[in-house]
Structure formats: structure tokens, C-alpha cells
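Okay, structure first, notes after.
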Amino acid sequence: MVKQERAGRTRRAVLLAAAETFARVGFEAASLVDISRRAGVSKGALYFHFVSKQALADGVRRASGREVGSAALRALRADGPALQGLIDFSHELARMLREDVVVRAGVRLGRQGPRRDGAQEGPDGPPVASDVAWRSLTAVVHRLLDRAAEAGELRPGVDRRAAAELLTAVAAGQVLLAGEETGRPGPEAVSRLWTAALPALVTAEHRAG
């Protein structure tokens, strides 16, 4: 049991060190020697958990996807008005892009790192396409907009499909910007987007709330 706990701590330390390195310099420039030093483990210990730099990048991508997925699940389970839940979810995603190095690394790897779609499954699980977690957000937006419509929160006749596609496209743009520059998207940027989008979705009396 003690060995398992120690192995788990080592693996988490390596993943975090890898995420910090990938977020800072990208996949190609990342060095396993630097990652092992940052994690405070030997290179042999690193290879025990991840057989290659590609396997390590896949592990970071999965960890990033899990964090985004957990945030989406919390948004779907939250109480209160669905549209407010969607707004809160967008702010949470923006915060993760700014502050969570694992999520930031996953975004950068998705844009710059090599893909392994269709590769043979390894000990760390099946390969993950770089954008699967972000593409799945479209379903979350659709579901929350459907709930908002059912609760009478939206304007009559709002095209929920078009609204979900537009909001998802805006979110994707924010993800791309976050991959280019740290500290983005800021909360004020997310607020400006909703200030522009809400008049098309809800009436003035509902916007006040």
C-alpha cells in the first residue's frame, strides 16, 4: 500500500512537471531530463510511468480532458437557472485556461503536439484526440440552453442550435487565444462576450437577473 501511494505521488509529480514544461515550451522543445529534474525524480522513475515523451504528452492531454469534463459535469449538476449556470461555466473554463497549467498544457499540445489517433493502446490508456474534450462542450451548451428554454428563460423562438454553435465557436476562439498568450481569457473578456450575446437570448427583464 505504501509503495502504491509513493508510485501515485511520483506519477502525479511527473505529470505536473510535464504539464508545466509543455505549457511553457511546447512538445518538441520539451526535454525528459528537464521534466524529471522539475519533478524531483530520476529519469528511470519517469520511464517507469511513461515509456516515452509521447506517452507523457498523452497523459497530460487525458488529465486536461478530465479536468474540463469535471467542470462540465459540475455545470450540468448545478442548481439554479440554467442560463446562469452556462454563464458561470464559461467563467470557470476561462479561469482554468488562465490558472490551471494542466489545462493550458493540454490546449498547447492539442494545437502543436503530434496526434496519435488510431495508435495502439498503451499502459496509460487509449490515445486521445487532441480536441475531443473541447468538442464535447458543444453537448453541454446544448443541454443547458434546452433547460433554459424549458424554464422560460430564453426569448420565444430562439434558435437554440444556432445559439449553441455560436457560443461554442466563441469558446473555441478563446481557447486558441489562451494557447497563444498567458493570462487569457480574462474575466472581463468573458463578461463582454455575454453582454453582447444575452440580448439575442433573453428579454430585457430577464437580463436584469
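Identifiers for the C-alpha cells are assigned positionally: chains receive A, B, ... in sequence, residues are indexed from 1 per chain, and ligands are indexed from 1 in the order shown.
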Do you know which residues are at most 10 Å from stretch 21-25 of chain A counting only C-alpha atoms, after dropping those on the same chain fewer than 3 positions away, and could you put them as number ranges by chain? A: 15-18, 28-32, 34-35, 38, 57, 60, 101-109, 112-113, 179, 182
Extract, using only C-alpha atoms, all DNA, RNA and protein residues at most 8 Å from stretch 84-100 of chain A, discarding same-chain residues fewer than 2 positions from it, and format them as a list in words. Val68, Ala71, Ala72, Ala75, Leu76, Ala78, Asp79, Gly80, Pro81, Ala82, Val102, Val103, Arg104, Val141, Leu144, Leu145, Ala171, Gln174, Val175, Ala178, Thr182, Gly183, Arg184, Pro185, Gly186, Pro187, Val190 and Trp194 of chain A
So that I can check the surroundings of A:Arg62, please list as number ranges by chain every protein, DNA and RNA residue that reaches within 8 Å of it, counting only C-alpha atoms and ignoring chain neighbours fewer than 3 positions away. A: 58-59, 65-66, 106, 128
Could you list, as JSON, numbers by chain, every residue within 8 Å of A:Arg161, counting only C-alpha atoms and ignoring same-chain residues fewer than 3 positions away? {"A": [142, 164, 165]}
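With only C-alpha atoms as the atoms that count, the residue of A:Leu73, A:Ala200, A:Val51, A:Ala39 with the shortest distance to A:Leu166 is A:Ala200.
For the atom pair formed by atom CA of A:Gly44 and atom CA of A:Gln4, the distance is 17.0 Å, given to one decimal.
Atom pair atom CA of A:Leu154 / atom CA of A:Leu201: separated by 5.5 Å.
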Which residues, written as a list in words, have at least one atom at most 8 Å from stretch 46-50 of chain A, with only C-alpha atoms counted and residues fewer than 3 positions away on the same chain left out? Arg11, Val14, Ser36, Val41, Ser42, Lys43, Lys53, Ala55, Leu56 and Asp124 of chain A
Next, the residues of the selection above should be written as a PDB file, in the first residue's frame with N, CA, C and O atoms.
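Output (again.pdb):
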ATOM      1  N   ARG A  11       3.920   9.635  -9.975  1.00  0.00           N
ATOM      2  CA  ARG A  11       3.250   9.818 -11.268  1.00  0.00           C
ATOM      3  C   ARG A  11       2.623  11.205 -11.360  1.00  0.00           C
ATOM      4  O   ARG A  11       2.714  11.868 -12.395  1.00  0.00           O
ATOM      5  N   VAL A  14       5.311  13.811 -11.865  1.00  0.00           N
ATOM      6  CA  VAL A  14       5.830  13.800 -13.238  1.00  0.00           C
ATOM      7  C   VAL A  14       4.836  14.461 -14.184  1.00  0.00           C
ATOM      8  O   VAL A  14       5.222  15.264 -15.056  1.00  0.00           O
ATOM      9  N   SER A  36      12.116  15.413 -15.614  1.00  0.00           N
ATOM     10  CA  SER A  36      12.442  14.585 -14.445  1.00  0.00           C
ATOM     11  C   SER A  36      13.059  15.434 -13.339  1.00  0.00           C
ATOM     12  O   SER A  36      12.759  15.236 -12.149  1.00  0.00           O
ATOM     13  N   VAL A  41      12.497  13.562  -9.668  1.00  0.00           N
ATOM     14  CA  VAL A  41      12.621  12.106  -9.751  1.00  0.00           C
ATOM     15  C   VAL A  41      13.712  11.766 -10.755  1.00  0.00           C
ATOM     16  O   VAL A  41      14.131  12.606 -11.554  1.00  0.00           O
ATOM     17  N   SER A  42      14.164  10.531 -10.719  1.00  0.00           N
ATOM     18  CA  SER A  42      15.154  10.091 -11.690  1.00  0.00           C
ATOM     19  C   SER A  42      14.490   9.863 -13.044  1.00  0.00           C
ATOM     20  O   SER A  42      13.265   9.701 -13.144  1.00  0.00           O
ATOM     21  N   LYS A  43      15.307   9.842 -14.089  1.00  0.00           N
ATOM     22  CA  LYS A  43      14.751   9.569 -15.405  1.00  0.00           C
ATOM     23  C   LYS A  43      14.197   8.151 -15.467  1.00  0.00           C
ATOM     24  O   LYS A  43      13.210   7.881 -16.160  1.00  0.00           O
ATOM     25  N   LYS A  53       8.220  10.359 -24.377  1.00  0.00           N
ATOM     26  CA  LYS A  53       7.683  11.721 -24.274  1.00  0.00           C
ATOM     27  C   LYS A  53       6.274  11.775 -24.845  1.00  0.00           C
ATOM     28  O   LYS A  53       5.417  12.500 -24.334  1.00  0.00           O
ATOM     29  N   ALA A  55       4.040   9.340 -24.746  1.00  0.00           N
ATOM     30  CA  ALA A  55       3.153   8.790 -23.725  1.00  0.00           C
ATOM     31  C   ALA A  55       2.887   9.808 -22.628  1.00  0.00           C
ATOM     32  O   ALA A  55       1.772   9.903 -22.099  1.00  0.00           O
ATOM     33  N   LEU A  56       3.906  10.578 -22.289  1.00  0.00           N
ATOM     34  CA  LEU A  56       3.743  11.614 -21.271  1.00  0.00           C
ATOM     35  C   LEU A  56       2.803  12.705 -21.767  1.00  0.00           C
ATOM     36  O   LEU A  56       1.937  13.184 -21.022  1.00  0.00           O
ATOM     37  N   ASP A 124      -1.065   3.493 -20.403  1.00  0.00           N
ATOM     38  CA  ASP A 124      -1.721   4.656 -19.812  1.00  0.00           C
ATOM     39  C   ASP A 124      -3.103   4.880 -20.393  1.00  0.00           C
ATOM     40  O   ASP A 124      -3.739   5.897 -20.174  1.00  0.00           O
TER      41      ASP A 124
END
Which of stretch 15-134 of chain A fall in alpha helix (DSSP H), as a ChimeraX atom specification: /A:15-29,32-39,43-49,53-77,82-99,101-112,132-134
